[in-house]
$ cat structure.txt   # compact mmCIF, C-alpha atoms
# COMPACT_ATOMS: atom_id res chain seq x y z
CA MET A 7 147.47 219.09 106.18
CA GLU A 8 149.51 221.28 108.51
CA LEU A 9 146.82 221.64 111.17
CA LEU A 10 146.72 217.88 111.59
CA LYS A 11 150.50 217.47 111.64
CA GLU A 12 150.67 220.03 114.40
CA ARG A 13 148.11 218.13 116.49
CA ILE A 14 149.99 214.88 115.94
CA ARG A 15 153.26 216.52 116.99
CA ARG A 16 151.60 217.86 120.12
CA GLU A 17 149.36 214.93 121.11
CA GLY A 18 150.51 211.81 119.29
CA VAL A 19 151.80 209.09 121.61
CA VAL A 20 153.71 206.01 120.47
CA VAL A 21 152.15 203.33 122.69
CA ALA A 22 153.74 200.21 121.15
CA PRO A 23 156.08 199.52 118.22
CA GLY A 24 154.40 201.02 115.16
CA VAL A 25 151.26 202.03 117.07
CA LEU A 26 150.38 205.70 117.17
CA GLN A 27 147.71 206.84 119.62
CA LEU A 28 145.77 209.96 118.70
CA ASP A 29 142.98 209.80 121.23
CA ALA A 30 141.39 213.24 121.04
CA VAL A 31 141.72 213.50 117.26
CA LEU A 32 140.82 210.02 116.01
CA SER A 33 140.65 206.96 118.22
CA HIS A 34 138.77 208.23 121.26
CA GLY A 35 137.12 211.40 120.07
CA ALA A 36 137.14 214.13 117.48
CA ASP A 37 137.79 217.84 117.24
CA PRO A 38 134.91 218.96 115.00
CA VAL A 39 136.85 221.90 113.51
CA LEU A 40 139.78 219.70 112.51
CA THR A 41 137.54 216.81 111.42
CA MET A 42 135.46 219.08 109.17
CA GLU A 43 138.71 220.32 107.66
CA MET A 44 139.64 216.68 106.92
CA GLY A 45 136.23 216.24 105.27
CA ARG A 46 136.72 219.31 103.07
CA GLU A 47 140.19 218.15 102.05
CA PHE A 48 139.03 214.63 101.11
CA ALA A 49 136.03 216.09 99.23
CA ARG A 50 138.37 218.42 97.32
CA ARG A 51 140.79 215.64 96.36
CA PHE A 52 138.05 213.30 95.14
CA ALA A 53 135.85 216.03 93.64
CA GLY A 54 136.01 214.60 90.11
CA GLU A 55 134.92 211.09 91.05
CA ARG A 56 131.10 211.37 91.23
CA ILE A 57 131.03 209.70 94.63
CA THR A 58 127.60 208.31 95.59
CA LYS A 59 128.42 207.18 99.14
CA VAL A 60 131.24 207.36 101.65
CA ILE A 61 132.08 204.06 103.33
CA THR A 62 134.14 203.35 106.43
CA MET A 63 134.32 200.88 109.29
CA GLU A 64 133.57 201.45 112.94
CA SER A 65 134.69 203.27 114.95
CA ALA A 66 137.58 205.68 114.53
CA GLY A 67 136.78 206.20 110.84
CA ILE A 68 133.23 207.35 111.43
CA ALA A 69 133.81 211.01 112.33
CA PRO A 70 136.14 211.87 109.40
CA ALA A 71 134.01 209.78 107.02
CA PHE A 72 130.85 211.53 108.21
CA ALA A 73 132.50 214.93 107.69
CA THR A 74 133.50 213.91 104.16
CA ALA A 75 129.99 212.63 103.39
CA HIS A 76 128.57 215.90 104.74
CA VAL A 77 130.78 218.01 102.48
CA LEU A 78 130.11 215.79 99.45
CA GLY A 79 126.35 215.71 100.21
CA VAL A 80 126.12 211.91 100.07
CA PRO A 81 125.15 209.19 102.58
CA LEU A 82 127.61 207.50 104.90
CA VAL A 83 127.81 203.72 105.33
CA PHE A 84 129.85 202.08 108.07
CA ALA A 85 130.78 198.43 108.34
CA ARG A 86 130.06 196.90 111.74
CA ARG A 87 132.55 194.60 113.43
CA LYS A 88 130.23 192.53 115.52
CA PHE A 89 127.15 190.63 114.49
CA THR A 90 124.21 191.72 116.68
CA LEU A 91 120.43 191.45 116.77
CA LEU A 92 120.40 194.46 114.47
CA ASN A 93 122.26 192.78 111.61
CA ASP A 94 120.58 191.07 108.69
CA PRO A 95 121.59 187.41 108.57
CA GLY A 96 122.27 187.78 104.83
CA SER A 97 124.77 190.61 105.25
CA TYR A 98 128.11 190.74 103.46
CA MET A 99 130.65 189.48 105.95
CA VAL A 100 134.43 189.03 105.80
CA ARG A 101 136.87 188.00 108.50
CA VAL A 102 140.01 190.12 108.91
CA PRO A 103 142.96 190.17 111.32
CA SER A 104 143.22 193.39 113.32
CA PHE A 105 146.57 195.08 113.96
CA THR A 106 145.58 197.09 117.05
CA LYS A 107 143.11 194.57 118.48
CA GLY A 108 145.46 191.62 118.13
CA ILE A 109 142.61 189.31 117.08
CA VAL A 110 140.55 188.52 114.02
CA SER A 111 137.33 190.45 113.68
CA ASP A 112 134.48 190.53 111.22
CA LEU A 113 133.40 193.29 108.89
CA ILE A 114 129.67 193.29 108.24
CA VAL A 115 127.66 195.40 105.79
CA ALA A 116 123.93 194.93 105.17
CA ARG A 117 123.23 194.20 101.50
CA HIS A 118 120.73 197.00 101.10
CA MET A 119 123.36 199.61 102.06
CA LEU A 120 125.29 199.14 98.78
CA ASP A 121 124.40 198.50 95.18
CA GLU A 122 126.11 198.08 91.84
CA ASN A 123 125.51 201.70 90.85
CA ASP A 124 127.53 202.96 93.79
CA SER A 125 130.81 204.76 93.32
CA LEU A 126 132.30 204.62 96.81
CA LEU A 127 134.88 206.68 98.62
CA PHE A 128 136.44 204.67 101.44
CA ILE A 129 137.68 206.85 104.30
CA ASP A 130 139.69 205.43 107.17
CA ASP A 131 141.57 206.92 110.08
CA MET A 132 144.77 204.93 109.69
CA VAL A 133 145.85 201.74 107.96
CA ALA A 134 148.57 199.52 109.33
CA ASN A 135 148.99 196.46 107.14
CA GLY A 136 145.80 197.08 105.22
CA ASN A 137 144.10 193.83 106.19
CA ALA A 138 140.87 195.48 107.30
CA ALA A 139 140.91 197.78 104.26
CA ARG A 140 141.31 194.81 101.90
CA GLY A 141 138.43 193.14 103.74
CA LEU A 142 136.20 196.11 103.13
CA ILE A 143 137.26 196.13 99.46
CA ARG A 144 136.14 192.50 99.18
CA ILE A 145 132.71 193.56 100.43
CA VAL A 146 132.57 196.40 97.89
CA GLU A 147 133.42 193.87 95.16
CA GLN A 148 130.79 191.41 96.40
CA ALA A 149 128.22 194.22 96.16
CA GLY A 150 129.29 194.89 92.57
CA ALA A 151 129.98 198.51 93.48
CA LYS A 152 132.91 200.62 92.29
CA LEU A 153 135.58 201.78 94.71
CA ALA A 154 136.51 205.20 93.36
CA GLY A 155 139.19 205.96 95.91
CA ILE A 156 140.58 205.60 99.39
CA GLY A 157 141.25 208.46 101.77
CA LEU A 158 143.42 207.94 104.83
CA VAL A 159 143.68 210.49 107.60
CA VAL A 160 147.11 209.17 108.60
CA GLU A 161 149.27 206.90 106.46
CA LYS A 162 152.16 205.19 108.17
CA THR A 163 154.44 204.65 105.20
CA PHE A 164 156.73 202.35 107.22
CA GLN A 165 153.90 199.82 107.19
CA ASP A 166 152.56 198.15 104.05
CA GLY A 167 148.90 199.24 104.07
CA GLY A 168 148.93 202.27 101.78
CA ARG A 169 151.42 200.78 99.31
CA SER A 170 149.51 197.50 99.05
CA LEU A 171 146.27 199.34 98.30
CA ARG A 172 147.99 201.41 95.58
CA GLU A 173 149.45 198.21 94.12
CA MET A 174 145.89 196.90 93.83
CA GLY A 175 145.29 199.85 91.52
CA TYR A 176 143.40 202.13 93.87
CA ARG A 177 143.94 205.84 94.20
CA VAL A 178 144.96 206.42 97.83
CA GLU A 179 145.10 209.93 99.25
CA SER A 180 146.56 210.54 102.71
CA LEU A 181 146.23 213.76 104.67
CA VAL A 182 149.43 213.09 106.60
CA ARG A 183 152.22 210.60 105.88
CA ILE A 184 154.37 209.37 108.75
CA SER A 185 157.61 207.63 107.78
CA ALA A 186 158.84 206.56 111.21
CA ILE A 187 157.74 206.59 114.84
CA GLY A 188 159.49 205.56 118.01
CA GLU A 189 159.78 206.51 121.63
CA GLY A 190 159.59 210.28 121.66
CA PHE A 191 159.70 210.92 117.90
CA ILE A 192 157.30 211.06 114.98
CA GLU A 193 158.77 211.66 111.51
CA PHE A 194 156.67 213.07 108.70
CA GLU A 195 157.39 212.21 105.09
CA ASP A 196 156.67 215.60 103.55
CA MET B 27 111.47 215.87 114.80
CA GLU B 28 109.13 215.24 111.88
CA LEU B 29 111.89 214.57 109.33
CA LEU B 30 113.20 211.74 111.51
CA LYS B 31 109.74 210.27 112.19
CA GLU B 32 109.14 210.14 108.47
CA ARG B 33 112.40 208.25 107.87
CA ILE B 34 111.56 205.81 110.66
CA ARG B 35 108.08 205.23 109.19
CA ARG B 36 109.62 204.59 105.78
CA GLU B 37 112.76 202.62 106.71
CA GLY B 38 112.41 201.34 110.27
CA VAL B 39 112.32 197.54 110.49
CA VAL B 40 111.34 195.60 113.60
CA VAL B 41 113.88 192.77 113.53
CA ALA B 42 113.17 191.15 116.93
CA PRO B 43 110.84 191.91 119.83
CA GLY B 44 111.58 195.47 120.92
CA VAL B 45 114.46 195.87 118.46
CA LEU B 46 114.17 198.59 115.84
CA GLN B 47 116.63 198.57 112.95
CA LEU B 48 117.38 201.92 111.33
CA ASP B 49 120.38 200.98 109.23
CA ALA B 50 120.80 203.96 106.92
CA VAL B 51 119.97 206.52 109.59
CA LEU B 52 121.72 205.25 112.71
CA SER B 53 123.09 201.75 113.07
CA HIS B 54 124.83 201.17 109.73
CA GLY B 55 125.28 204.65 108.33
CA ALA B 56 124.11 208.23 108.45
CA ASP B 57 122.32 210.73 106.26
CA PRO B 58 124.41 213.86 106.84
CA VAL B 59 121.50 216.27 106.23
CA LEU B 60 119.30 214.50 108.78
CA THR B 61 122.16 213.95 111.23
CA MET B 62 123.15 217.63 111.15
CA GLU B 63 119.52 218.48 111.85
CA MET B 64 119.69 216.18 114.90
CA GLY B 65 122.83 218.01 116.01
CA ARG B 66 121.17 221.42 115.67
CA GLU B 67 118.12 220.24 117.61
CA PHE B 68 120.19 218.81 120.49
CA ALA B 69 122.33 221.96 120.56
CA ARG B 70 119.18 224.10 120.71
CA ARG B 71 117.64 222.09 123.55
CA PHE B 72 120.80 222.13 125.67
CA ALA B 73 121.85 225.67 124.71
CA GLY B 74 121.71 226.97 128.30
CA GLU B 75 123.93 224.26 129.76
CA ARG B 76 127.48 225.52 129.01
CA ILE B 77 128.46 222.14 127.58
CA THR B 78 132.25 221.62 127.38
CA LYS B 79 132.25 218.25 125.58
CA VAL B 80 129.84 215.85 123.95
CA ILE B 81 130.27 212.22 124.98
CA THR B 82 128.90 209.04 123.39
CA MET B 83 129.87 205.41 122.93
CA GLU B 84 130.82 203.61 119.75
CA SER B 85 129.44 203.20 117.22
CA ALA B 86 125.92 204.25 116.26
CA GLY B 87 126.07 207.27 118.56
CA ILE B 88 129.15 208.76 116.93
CA ALA B 89 127.59 210.51 113.92
CA PRO B 90 124.76 212.32 115.81
CA ALA B 91 127.12 213.10 118.71
CA PHE B 92 129.71 214.49 116.28
CA ALA B 93 127.05 216.67 114.61
CA THR B 94 126.00 217.99 118.03
CA ALA B 95 129.61 218.70 119.03
CA HIS B 96 130.11 220.48 115.69
CA VAL B 97 127.10 222.75 116.25
CA LEU B 98 128.06 223.44 119.89
CA GLY B 99 131.70 224.01 118.92
CA VAL B 100 133.09 221.57 121.52
CA PRO B 101 135.14 218.35 121.32
CA LEU B 102 133.61 214.90 121.01
CA VAL B 103 134.65 211.96 123.21
CA PHE B 104 133.55 208.41 122.50
CA ALA B 105 133.84 205.45 124.83
CA ARG B 106 135.38 202.37 123.23
CA ARG B 107 133.95 198.91 123.81
CA LYS B 108 137.03 196.84 123.34
CA PHE B 109 140.40 197.16 124.99
CA THR B 110 143.12 197.38 122.30
CA LEU B 111 146.77 198.28 121.96
CA LEU B 112 145.58 201.89 121.68
CA ASN B 113 144.01 202.04 125.13
CA ASP B 114 145.77 203.32 128.22
CA PRO B 115 145.93 200.57 130.85
CA GLY B 116 144.71 203.07 133.46
CA SER B 117 141.54 203.99 131.55
CA TYR B 118 138.13 204.23 133.19
CA MET B 119 136.40 200.94 132.49
CA VAL B 120 132.96 199.58 133.36
CA ARG B 121 131.30 196.33 132.32
CA VAL B 122 127.74 196.55 131.00
CA PRO B 123 125.22 194.09 129.56
CA SER B 124 124.24 194.89 125.97
CA PHE B 125 120.63 194.62 124.78
CA THR B 126 121.33 194.23 121.06
CA LYS B 127 124.60 192.32 121.38
CA GLY B 128 123.24 189.82 123.89
CA ILE B 129 126.52 189.80 125.84
CA VAL B 130 128.35 191.91 128.36
CA SER B 131 130.76 194.44 126.94
CA ASP B 132 133.11 197.01 128.36
CA LEU B 133 133.01 200.77 128.12
CA ILE B 134 136.45 202.34 128.17
CA VAL B 135 137.40 206.02 128.34
CA ALA B 136 140.98 207.25 128.67
CA ARG B 137 141.42 209.38 131.78
CA HIS B 138 142.89 212.34 129.92
CA MET B 139 139.70 212.68 127.81
CA LEU B 140 137.63 213.93 130.78
CA ASP B 141 138.24 216.15 133.77
CA GLU B 142 136.36 217.53 136.74
CA ASN B 143 135.69 220.85 135.03
CA ASP B 144 133.74 219.17 132.23
CA SER B 145 130.04 219.70 131.79
CA LEU B 146 129.10 216.85 129.47
CA LEU B 147 126.24 216.26 127.08
CA PHE B 148 125.74 212.54 126.51
CA ILE B 149 124.24 211.77 123.09
CA ASP B 150 123.12 208.29 122.14
CA ASP B 151 121.23 206.79 119.23
CA MET B 152 118.79 204.72 121.22
CA VAL B 153 118.54 203.35 124.73
CA ALA B 154 116.82 200.08 125.51
CA ASN B 155 117.09 199.30 129.21
CA GLY B 156 119.68 201.98 129.83
CA ASN B 157 122.41 199.64 131.06
CA ALA B 158 125.08 201.02 128.76
CA ALA B 159 123.98 204.60 129.49
CA ARG B 160 124.22 204.00 133.26
CA GLY B 161 127.67 202.51 132.64
CA LEU B 162 128.79 205.65 130.86
CA ILE B 163 127.34 207.76 133.70
CA ARG B 164 129.47 205.80 136.19
CA ILE B 165 132.54 206.74 134.14
CA VAL B 166 131.50 210.41 134.13
CA GLU B 167 131.13 210.21 137.93
CA GLN B 168 134.52 208.53 138.31
CA ALA B 169 136.05 211.39 136.33
CA GLY B 170 134.42 213.90 138.70
CA ALA B 171 132.78 215.58 135.70
CA LYS B 172 129.21 216.90 135.55
CA LEU B 173 126.63 215.27 133.30
CA ALA B 174 124.53 218.22 132.15
CA GLY B 175 122.07 216.24 130.08
CA ILE B 176 121.29 213.26 127.91
CA GLY B 177 120.06 213.46 124.32
CA LEU B 178 118.55 210.39 122.67
CA VAL B 179 117.85 210.25 118.96
CA VAL B 180 115.15 207.64 119.50
CA GLU B 181 113.54 206.84 122.84
CA LYS B 182 111.55 203.63 123.06
CA THR B 183 109.18 204.53 125.89
CA PHE B 184 107.99 200.93 126.18
CA GLN B 185 111.44 200.07 127.54
CA ASP B 186 112.83 201.40 130.80
CA GLY B 187 115.95 203.26 129.65
CA GLY B 188 114.72 206.84 129.34
CA ARG B 189 112.55 206.70 132.46
CA SER B 190 115.31 205.20 134.58
CA LEU B 191 117.72 207.96 133.54
CA ARG B 192 115.13 210.64 134.39
CA GLU B 193 114.57 208.97 137.77
CA MET B 194 118.28 209.35 138.43
CA GLY B 195 117.66 213.09 138.11
CA TYR B 196 119.05 213.67 134.64
CA ARG B 197 117.43 215.83 132.00
CA VAL B 198 116.73 213.51 129.05
CA GLU B 199 115.68 214.93 125.69
CA SER B 200 114.53 212.63 122.90
CA LEU B 201 114.09 213.64 119.28
CA VAL B 202 111.51 210.93 118.67
CA ARG B 203 109.56 208.83 121.19
CA ILE B 204 108.25 205.44 120.16
CA SER B 205 105.61 203.89 122.40
CA ALA B 206 105.19 200.51 120.70
CA ILE B 207 106.66 198.46 117.88
CA GLY B 208 105.73 195.13 116.40
CA GLU B 209 105.60 193.31 113.11
CA GLY B 210 104.60 195.95 110.60
CA PHE B 211 103.85 198.81 112.97
CA ILE B 212 105.73 201.57 114.77
CA GLU B 213 103.72 203.83 117.12
CA PHE B 214 104.95 207.29 118.02
CA GLU B 215 104.10 208.86 121.35
CA ASP B 216 103.55 212.43 120.18

$ encode --input "structure.txt" --output "structure tokens"
Amino acid sequence: MELLKERIRREGVVVAPGVLQLDAVLSHGADPVLTMEMGREFARRFAGERITKVITMESAGIAPAFATAHVLGVPLVFARRKFTLLNDPGSYMVRVPSFTKGIVSDLIVARHMLDENDSLLFIDDMVANGNAARGLIRIVEQAGAKLAGIGLVVEKTFQDGGRSLREMGYRVESLVRISAIGEGFIEFED
Amino acid sequence: MELLKERIRREGVVVAPGVLQLDAVLSHGADPVLTMEMGREFARRFAGERITKVITMESAGIAPAFATAHVLGVPLVFARRKFTLLNDPGSYMVRVPSFTKGIVSDLIVARHMLDENDSLLFIDDMVANGNAARGLIRIVEQAGAKLAGIGLVVEKTFQDGGRSLREMGYRVESLVRISAIGEGFIEFED
């Protein structure tokens, strides 16, 4: 997706080893025109999969996942990371280490949000090592639902996330693949 | 908004005193058709305000705020609640008590996301006592930006949030106003 690459070239900041900050595009906001384009692209790539719901986790995944759900005409589900008064005590819950937060966090999905007839498309902004993504997959499995595919806005191919998800047998589609980042440079794979 | 009232009547669950759970519509997911309708309605009500950006806070506000930004054709900014590797150390940061989380949490916005020429529309899913909303307003003030209005998907008029924001002089528009909730009943104001 050229439009996205261009924004990353212009606005992407490498804030720590392996950590790419894309505030206005993903982690702190969204550009609706670009985000809708992401949604159309994910919807196009997974068009044959009879997706029933799009799933993501808060927060940076929500805008691109919502756009994808909008284009596909299906509901959006997002996993919460903190148990609050609003959560059902019987919710699916897994504990995962977080790459950018530097701590473990929980992923929580209310049982009634998923069922065994669901064919889910999991959209996320970026995966690092894939720990959170594998956590969400465990929840999908617990619900007896099918994970039809995974769409990543940005895949950092120098980290293991995308590869490990493919090795689990999932179809992973990335809008942009970054092979290396460092102070002052961002290298795209294709 | 009748479509939203109907969903609340059908799916709203009172999970604790004063706490309304609307999982599939707001707090754990989104129905893109309904959410886009929210966006159009907010855009219509604030059409005269020359909005430059929509602002919200993670996570339940993101989908309706994104839809509003999409209809208005402006960028979305969302405050984060947790300081991570991705955040600029110099970010605006305020500490606020959270009604549903039962703890204090931070609101964080990177400085480069806002500037003094911004005329912001703040969209949120629901306010309880308005503590988080007043926190976000302090950030808007620190940035020297103008807060042109506040749009709430659901206003619980039996709590102080909406009123306190109006008393500060802000224009607050709510899509649905709920005057009372309890076990098995939800009362709408109009």

$ residues_around --input "structure.txt" --residues "Arg66 (chain B)" --least-positions-apart "3" --cutoff "8 Å" --atoms "only C-alpha atoms" --output "list in words"
Met62, Glu63, Ala69, Arg70, Ala93, Thr94 and Val97 of chain B

$ atom_distance --input "structure.txt" --atom1 "CA of Thr58 (chain A)" --atom2 "CA of Phe72 (chain A)"
13.4 Å

$ atom_distance --input "structure.txt" --atom1 "CA of Ser117 (chain B)" --atom2 "CA of Lys162 (chain A)"
25.7 Å

$ interface_residues --input "structure.txt" --of "chain A" --to "chain B" --cutoff "9 Å" --atoms "all atoms listed in the file" --output "PyMOL selection string"
chain A and resi 21-22+25-30+33-39+42+61+64-66+68-69+72-73+75-77+79-86+88-94+105-108+115-116+119

$ residues_near_point --input "structure.txt" --point "(135.0, 195.1, 92.0)" --cutoff "12 Å" --atoms "all atoms listed in the file" --output "ChimeraX atom specification"
/A:121-126,140,142-154,174-176

$ atom_distance --input "structure.txt" --atom1 "CA of Gly175 (chain B)" --atom2 "CA of Val198 (chain B)"
6.1 Å

$ closest_residue --input "structure.txt" --among "B:Leu201, B:Met119, B:Ile77, B:Val153" --to "Leu133 (chain B)" --atoms "only C-alpha atoms"
B:Met119

$ residues_around --input "structure.txt" --residues "region 204-208 of chain B" --least-positions-apart "5" --cutoff "7 Å" --atoms "only C-alpha atoms" --output "PyMOL selection string"
chain B and resi 40+43-44+181-184+213-215

$ residues_around --input "structure.txt" --residues "Ile156 (chain A)" --least-positions-apart "6" --cutoff "9 Å" --atoms "all atoms listed in the file" --output "VMD selection string"
chain A and resid 126 to 130 171 176 to 180

$ write_last_selection --input "structure.txt" --atoms "C-alpha atoms" --output "compact mmCIF listing (two decimals), keeping the file's coordinate frame"
# COMPACT_ATOMS: atom_id res chain seq x y z
CA LEU A 126 132.30 204.62 96.81
CA LEU A 127 134.88 206.68 98.62
CA PHE A 128 136.44 204.67 101.44
CA ILE A 129 137.68 206.85 104.30
CA ASP A 130 139.69 205.43 107.17
CA LEU A 171 146.27 199.34 98.30
CA TYR A 176 143.40 202.13 93.87
CA ARG A 177 143.94 205.84 94.20
CA VAL A 178 144.96 206.42 97.83
CA GLU A 179 145.10 209.93 99.25
CA SER A 180 146.56 210.54 102.71

$ residues_near_point --input "structure.txt" --point "(126.5, 199.6, 129.3)" --cutoff "9 Å" --atoms "all atoms listed in the file" --output "PDB file with C-alpha atoms, keeping the file's coordinate frame"
ATOM      1  CA  VAL B 120     132.960 199.580 133.360  1.00  0.00           C
ATOM      2  CA  ARG B 121     131.300 196.330 132.320  1.00  0.00           C
ATOM      3  CA  VAL B 122     127.740 196.550 131.000  1.00  0.00           C
ATOM      4  CA  PRO B 123     125.220 194.090 129.560  1.00  0.00           C
ATOM      5  CA  SER B 124     124.240 194.890 125.970  1.00  0.00           C
ATOM      6  CA  PHE B 125     120.630 194.620 124.780  1.00  0.00           C
ATOM      7  CA  VAL B 130     128.350 191.910 128.360  1.00  0.00           C
ATOM      8  CA  SER B 131     130.760 194.440 126.940  1.00  0.00           C
ATOM      9  CA  ASP B 132     133.110 197.010 128.360  1.00  0.00           C
ATOM     10  CA  LEU B 133     133.010 200.770 128.120  1.00  0.00           C
ATOM     11  CA  GLY B 156     119.680 201.980 129.830  1.00  0.00           C
ATOM     12  CA  ASN B 157     122.410 199.640 131.060  1.00  0.00           C
ATOM     13  CA  ALA B 158     125.080 201.020 128.760  1.00  0.00           C
ATOM     14  CA  ALA B 159     123.980 204.600 129.490  1.00  0.00           C
ATOM     15  CA  ARG B 160     124.220 204.000 133.260  1.00  0.00           C
ATOM     16  CA  GLY B 161     127.670 202.510 132.640  1.00  0.00           C
ATOM     17  CA  LEU B 162     128.790 205.650 130.860  1.00  0.00           C
TER      18      LEU B 162
END

$ axis_aligned_box --input "structure.txt" --around "region 160-166 of chain B" --padding-each-side "4 Å" --output "AutoDock Vina command-line options"
--center_x 128.4 --center_y 206.5 --center_z 133.5 --size_x 16.3 --size_y 15.9 --size_z 13.3
